[in-house]
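Scroll down for the structure; my scribbles are underneath it.
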Amino acid sequence: MSAVAQNSDFDLSLIIICRNSMEVLPHCVGAVQPLMMQGELRVECLVVDMDSADGTQEYLAEERDRWHINGFVSEAFENRFDAMNRGLQLAQGRVCLFITPETELMVENTAACCSPILRGEAECVFSTAVQVNPDNGRYRPQTPNPEHLFLRTPCHHAAFFCSADLLRHLGGFDWQRYPALADVDVMHRVLAADVAYRVASLSTCRQYLRPEREENEALHVDFLRFIAAHHEEILMQCKAHPSYAVRTVHEILRHAVRCDWPVPGDTPVVIDALLRELSGVIRPIIRRKIIRRLRTRAITQAILIPFKGLRRARITRKLVRSHFHVARLLGTLS
């Protein structure tokens, strides 16, 4: 255990990453107050502001003076993961939890997720984040699943409790390699470190979606790069569990249709090679069914392109291209 952890006055460092978020930041800070006051955990609340220009610094100074937060920094960062690394440097708690201003903590379950780490029984805990659409009130639990390695996010980053020592030992968030996916990368590096972990059947936060934000293409590019970087491990999983191969095809398609091609680097070459390998893993009858479905959908969508608006037509062309391309690669052994 590091000197920081041994001499820490805090059990949990709660680190809020924000940028021009005054619309929702006060609600997030307010939701933290019961956790700081209940006494079950010694909680440190830090805010890392990404050089906001909407009055965030003045608000945070007032909240610090009122002891609603322990401290804050406001600097220019490359991206939110660079800011998260700064928060990790400042954290004095034994457990770290990173959230955004759109997050509302469910205080009643936080201590239960910290306990295994504080008792030394685990190095991290994966829990459930409830995603809420503020426009219609609909919600969807994002349950943790660390078994779907390399294809899906093990859990939402705001529901991932991890030992501060372990995060520092792993070098924090590798935002230079995965600028949009460094949180998923660090979760997988934690799992690859073969440390004890827990999966908690508890909801620990509500994540309020912001529908006005366009989907981040960089995230899907990073997912394809992540899959390509771990293609050997994925292929081993697929050979051991053929159903995993079908899941891999669907995940590659899910990200490919949201990217402009070619994506940077050798990712397309590696992904194509992986798909050719998968064509020999998937059972022939299943493979033919997938190919037929992909071609049918591509033809149907291609016919509809002239009747769509400019934005939808652009997305549909990506879908048609990706489905035909993947169908051709899967048909290598046909």
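Following the order of the structure tokens, chains are lettered A, B, ..., residues in each are numbered from 1, and ligands are numbered from 1.
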
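DSSP on the backbone gives alpha helix (DSSP H) for these parts of segment 100-144 of chain A: Val107, Glu108, Asn109, Thr110, Ala111, Ala112, Cys113, Cys114, Ser115, Pro116, Ile117 and Leu118 of chain A.
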
Please give the complete set of residues from segment 93-152 of chain A that DSSP, run on the backbone, assigns to strand (DSSP E), formatted as number ranges by chain. A: 93-99, 103-105, 124-132, 139-142

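Considering the residues A:Val257, A:Ala192, A:Ala158, A:Ala61 and counting only C-alpha atoms, Ser127 of chain A has its shortest atom-to-atom contact with A:Ala158.
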
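Here atom CA of Arg283 of chain A stands at a distance of 15.1 Å from atom CA of Gln237 of chain A.
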
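Here the question is which of A:Asp185, A:Glu121, A:Glu104, A:Asp194 gets nearest to Cys28 of chain A using only C-alpha atoms, and that residue is A:Glu104.
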
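Near Met36 of chain A, within 12 Å and counting only C-alpha atoms, sit Phe10, Asp11, Leu12, Ser13, Leu14, Val29, Gly30, Ala31, Val32, Gln33, Pro34, Gln38, Gly39, Glu40, Leu41, Arg42, Val43, Glu44, Cys45, Leu46, Trp67, His68, Ile69, Asn70, Leu105, Val107, Glu108, Thr110 and Ala111 of chain A, not including residues fewer than 2 positions from it in the same chain.
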
Using only C-alpha atoms, which residues sit within 12 Å of segment 218-225 of chain A once same-chain residues fewer than 4 positions away are excluded, as a ChimeraX atom specification? /A:150-153,175-185,214,229-231,248-249,251-272,274

Those selected residues, please, written with C-alpha atoms and delivered as a compact mmCIF listing (two decimals), in the first residue's frame.
# COMPACT_ATOMS: atom_id res chain seq x y z
CA PHE A 150 -12.81 -6.37 -25.32
CA LEU A 151 -16.28 -5.90 -26.84
CA ARG A 152 -18.35 -3.96 -24.33
CA THR A 153 -17.79 -1.52 -21.50
CA TRP A 175 -5.81 9.24 -23.01
CA GLN A 176 -3.06 9.63 -25.61
CA ARG A 177 -3.67 6.10 -26.92
CA TYR A 178 -7.46 6.06 -26.47
CA PRO A 179 -8.65 9.69 -26.35
CA ALA A 180 -12.33 8.67 -26.23
CA LEU A 181 -12.12 5.25 -24.56
CA ALA A 182 -9.48 5.52 -21.85
CA ASP A 183 -11.96 4.59 -19.11
CA VAL A 184 -12.80 1.27 -20.80
CA ASP A 185 -9.10 0.65 -21.43
CA GLU A 214 -24.36 14.33 -31.01
CA ALA A 229 -5.39 -4.17 -30.48
CA HIS A 230 -6.85 -7.22 -28.68
CA HIS A 231 -7.73 -9.30 -31.75
CA THR A 248 -17.93 -9.97 -32.13
CA VAL A 249 -19.32 -9.56 -35.65
CA GLU A 251 -20.09 -5.33 -32.20
CA ILE A 252 -17.72 -4.58 -35.10
CA LEU A 253 -20.70 -3.66 -37.26
CA ARG A 254 -22.22 -1.51 -34.50
CA HIS A 255 -19.13 0.68 -34.42
CA ALA A 256 -18.23 0.54 -38.12
CA VAL A 257 -21.54 2.03 -39.29
CA ARG A 258 -20.86 5.11 -37.15
CA CYS A 259 -17.40 5.85 -38.52
CA ASP A 260 -16.02 7.53 -41.62
CA TRP A 261 -13.69 5.16 -43.44
CA PRO A 262 -10.91 4.51 -43.64
CA VAL A 263 -10.23 5.00 -39.92
CA PRO A 264 -6.64 5.95 -39.06
CA GLY A 265 -3.79 3.45 -38.81
CA ASP A 266 -3.84 -0.26 -39.56
CA THR A 267 -7.14 -0.86 -37.75
CA PRO A 268 -9.13 -1.69 -40.95
CA VAL A 269 -6.53 -4.28 -41.99
CA VAL A 270 -6.55 -5.97 -38.56
CA ILE A 271 -10.37 -5.91 -38.34
CA ASP A 272 -10.66 -7.46 -41.83
CA LEU A 274 -10.17 -10.90 -37.68

Tell me, as a list in words, which residues lie within 7 Å of Val130 of chain A, counting only C-alpha atoms; anything in the same chain fewer than 4 positions away does not count. Tyr139, Arg140, Pro141, Gln142, Ser203, Cys205, Arg206 and Gln207 of chain A

Would you write out those residues with N, CA and C atoms, as a short mmCIF file (atom, residue, chain, number, x, y, z; two decimals), in the first residue's frame?
data_model
loop_
_atom_site.label_atom_id
_atom_site.label_comp_id
_atom_site.auth_asym_id
_atom_site.auth_seq_id
_atom_site.Cartn_x
_atom_site.Cartn_y
_atom_site.Cartn_z
N TYR A 139 -35.87 5.25 -18.16
CA TYR A 139 -34.57 4.88 -17.62
C TYR A 139 -34.19 3.47 -18.04
N ARG A 140 -32.89 3.23 -18.07
CA ARG A 140 -32.38 1.91 -18.46
C ARG A 140 -31.15 1.59 -17.61
N PRO A 141 -31.20 0.51 -16.83
CA PRO A 141 -30.02 0.14 -16.05
C PRO A 141 -28.89 -0.36 -16.96
N GLN A 142 -27.70 0.14 -16.73
CA GLN A 142 -26.52 -0.37 -17.42
C GLN A 142 -25.79 -1.28 -16.45
N SER A 203 -27.49 -0.44 -7.77
CA SER A 203 -27.45 0.77 -8.57
C SER A 203 -26.81 1.87 -7.73
N CYS A 205 -25.67 5.05 -9.16
CA CYS A 205 -25.83 6.41 -9.67
C CYS A 205 -26.88 6.45 -10.76
N ARG A 206 -27.40 7.65 -10.96
CA ARG A 206 -28.26 7.93 -12.12
C ARG A 206 -27.48 8.83 -13.06
N GLN A 207 -27.43 8.42 -14.31
CA GLN A 207 -26.72 9.20 -15.32
C GLN A 207 -27.75 9.84 -16.24
#

Can you pull out every residue within 12 Å of Ile286 of chain A, counting only C-alpha atoms, but drop anything in the same chain fewer than 6 positions away, and send it as a PyMOL selection string? chain A and resi 242-243+245-246+278-280+292-293+330-331

Just the residues within 7 Å of Thr332 of chain A, please, counting only C-alpha atoms, with nothing from its chain fewer than 3 positions along; format it as a list in words. Arg276, Ser279, Arg328 and Leu329 of chain A

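Coordinates place atom CA of Ser21 of chain A at a distance of 11.1 Å from atom CA of Asp51 of chain A.
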
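Take atom CA of Pro134 of chain A and atom CA of His156 of chain A: the distance between them is 18.2 Å.
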
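Candidate residues A:Val125, A:Leu167, A:Val47, A:Leu235 were compared for distance to Glu277 of chain A, and the nearest is A:Leu235, using only C-alpha atoms.
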